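What follows is a set of notes on a single structure, which appears directly below.
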Amino acid sequence: MKTLIVAGPPSSGKTAVIMHAVKRLLAGGEKAAAVKFDTRSSLDAETYAARLDIPAIGGISGYLCPDHYFISNMEEAIEWGEAQNASVLFIETAGLCLRCAPHIEGLPAVTILDCLGGIQAPEKMGPMLRLADIVVLTKGDLVSQAEREVIVYGIRAVNPKALVLPVNGLIGTGTLNLVRALGEYRLLPDPEGARLRHDMPAALCSYCTGERRIGRKYQTGSVEKLCWQNTAGA
């Protein structure tokens, strides 16, 4: 089973792009399945099942960091996909913050970025963009050609090795190039022992474990502080 990790900021068009890719794969005789990780609620798994008639499940991280929840359930997601006899499994991450690092060595890594995020979005993103194999650029029809070119330049400055593909999430234009690119990647024989391409964001402080009181004396664990004493105007 080929497993594909699809990451990206919220509302960038991840589900729409996956759905168009799945349609092409189904037309080519593949059997696809989808796992959607999210934070509080999601109807995407039901959407995959209803619109594409493919097996789909969702996982909700709740109070946990969605990236940590995602990677802690990677084996379970792949085992579920194999139980569905899928030949291709799409795993869609929550993509809450731009520091997310969900990509895994040996698995095709796709990051979705929409043009409405602004021309400075690529430089603000971390390993989710920098370590992607393929960057899919959506909503390009909603900005000028000059803006698109600046965004693509920004992507290539951050990740010069990635394949950048424009895709229209509404009608699916450009999805064929994505499916062809994904077809070039080999299967990962066994997920156990595979490695993340980058370490996960720190996620252990007093607030992670339920603290609600504000103040230094209540803060423990991984805590960073503003350094303002020497800033201009201070």
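Letters A, B, ... mark the chains of the structure tokens in the order given; residue numbers begin at 1 per chain; ligand numbers begin at 1, in order shown.
Residues lying within 10 Å of Gly210 (chain A), counting only C-alpha atoms and ignoring same-chain neighbours fewer than 4 positions away, are Tyr63, Cys205 and Ser206 of chain A.
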Residues of region 4-50 of chain A that approach region 161-173 of chain A to 10 Å or less, counting only C-alpha atoms: could you list each one with the shortest pair of atoms and its distance in Å to one decimal, rows by chain and increasing residue number, as CSV?
```
residue,atom,partner,partner_atom,distance
A:Ser12,CA,A:Gly169,CA,9.3
A:Gly13,CA,A:Gly169,CA,6.3
A:Lys14,CA,A:Gly169,CA,8.4
A:Thr15,CA,A:Gly169,CA,8.7
A:Ala16,CA,A:Gly169,CA,5.2
A:Val17,CA,A:Gly169,CA,5.3
A:Ile18,CA,A:Gly169,CA,8.9
A:Met19,CA,A:Gly172,CA,8.8
A:His20,CA,A:Gly172,CA,5.5
A:Ala21,CA,A:Gly172,CA,8.0
A:Lys23,CA,A:Gly172,CA,9.6
A:Arg24,CA,A:Gly172,CA,9.8
```
**Message:** Can you pull out every residue from region 3-179 of chain A that DSSP, working from the backbone, puts in strand (DSSP E or B), and format the result as a ChimeraX atom specification?
**Reply:** /A:3-7,32-38,56-60,88-92,104,109-114,134-138,163-166
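Computed from the coordinates, the CA of Leu25 (chain A) to CA of Val179 (chain A) distance equals 7.5 Å.
Closest approach to Val136 (chain A) among A:Ala77, A:Pro108, A:Pro102, A:Gly174: A:Gly174, based on only C-alpha atoms.
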**Message:** DSSP on the backbone: which residues in chain A end up as alpha helix (DSSP H)? Give the answer as a ChimeraX atom specification.
**Reply:** /A:14-27,44-52,66-72,74-83,121-124,127-130,145-158,175-182
Could the residues in this selection be saved with C-alpha atoms as a compact mmCIF listing (two decimals), in the first residue's frame?
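Writing done, so here's part02.txt:
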```txt
# COMPACT_ATOMS: atom_id res chain seq x y z
CA LYS A 14 -6.19 19.80 1.38
CA THR A 15 -9.44 17.83 1.29
CA ALA A 16 -10.46 19.23 -2.10
CA VAL A 17 -7.11 18.37 -3.69
CA ILE A 18 -7.16 14.85 -2.21
CA MET A 19 -10.68 14.25 -3.49
CA HIS A 20 -9.73 15.19 -7.06
CA ALA A 21 -6.61 13.00 -6.84
CA VAL A 22 -8.67 10.08 -5.54
CA LYS A 23 -11.12 10.41 -8.44
CA ARG A 24 -8.26 10.03 -10.91
CA LEU A 25 -6.81 7.09 -9.01
CA LEU A 26 -10.19 5.33 -8.88
CA ALA A 27 -10.59 5.86 -12.62
CA ASP A 44 -14.16 15.32 6.04
CA ALA A 45 -14.11 11.55 6.61
CA GLU A 46 -17.86 11.44 6.00
CA THR A 47 -17.34 13.61 2.90
CA TYR A 48 -14.76 11.21 1.48
CA ALA A 49 -17.06 8.25 2.10
CA ALA A 50 -20.20 9.90 0.74
CA ARG A 51 -18.79 11.61 -2.35
CA LEU A 52 -16.15 9.09 -3.40
CA PRO A 66 -2.54 17.43 16.62
CA ASP A 67 0.93 16.62 15.27
CA HIS A 68 1.79 14.47 18.28
CA TYR A 69 -1.61 12.77 18.06
CA PHE A 70 -1.08 12.17 14.35
CA ILE A 71 2.34 10.55 14.65
CA SER A 72 1.28 8.51 17.70
CA MET A 74 0.54 6.48 12.33
CA GLU A 75 0.84 2.70 12.70
CA GLU A 76 -2.85 2.40 13.51
CA ALA A 77 -3.77 4.48 10.44
CA ILE A 78 -1.63 2.34 8.14
CA GLU A 79 -2.91 -0.90 9.65
CA TRP A 80 -6.47 0.33 9.10
CA GLY A 81 -5.69 1.17 5.46
CA GLU A 82 -4.23 -2.28 4.89
CA ALA A 83 -7.34 -3.83 6.45
CA ALA A 121 3.63 32.85 3.87
CA PRO A 122 6.44 30.57 2.60
CA GLU A 123 9.12 32.22 4.75
CA LYS A 124 6.87 31.90 7.83
CA PRO A 127 9.52 21.95 8.08
CA MET A 128 5.99 21.33 6.83
CA LEU A 129 7.02 23.32 3.73
CA ARG A 130 10.81 23.10 3.84
CA GLN A 145 -0.02 36.41 -11.96
CA ALA A 146 2.60 38.64 -10.35
CA GLU A 147 1.50 37.53 -6.87
CA ARG A 148 1.60 33.87 -7.91
CA GLU A 149 5.12 34.26 -9.23
CA VAL A 150 6.27 35.92 -6.01
CA ILE A 151 4.73 33.11 -3.93
CA VAL A 152 6.38 30.44 -6.10
CA TYR A 153 9.70 32.28 -5.77
CA GLY A 154 9.24 32.28 -1.99
CA ILE A 155 8.49 28.55 -1.97
CA ARG A 156 11.59 27.75 -4.00
CA ALA A 157 13.71 29.96 -1.75
CA VAL A 158 12.60 27.87 1.24
CA THR A 175 -4.50 17.13 -10.37
CA LEU A 176 -3.29 14.83 -13.16
CA ASN A 177 0.25 16.20 -12.77
CA LEU A 178 0.02 15.56 -9.02
CA VAL A 179 -1.12 11.96 -9.48
CA ARG A 180 1.65 11.32 -12.00
CA ALA A 181 4.24 12.76 -9.62
CA LEU A 182 2.96 10.63 -6.73
```
**Prompt:** Can you tell me how far CA of Glu30 (chain A) sits from CA of Gly106 (chain A), in Å to one decimal?
**Reply:** 20.7 Å
**For Leu98 (chain A): contacts at 7 Å, only C-alpha atoms, fewer than 4 positions along chain excluded, given as a ChimeraX atom specification** = /A:9,125-126
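Between CA of Lys139 (chain A) and CA of Leu196 (chain A) lies a distance of 29.2 Å.
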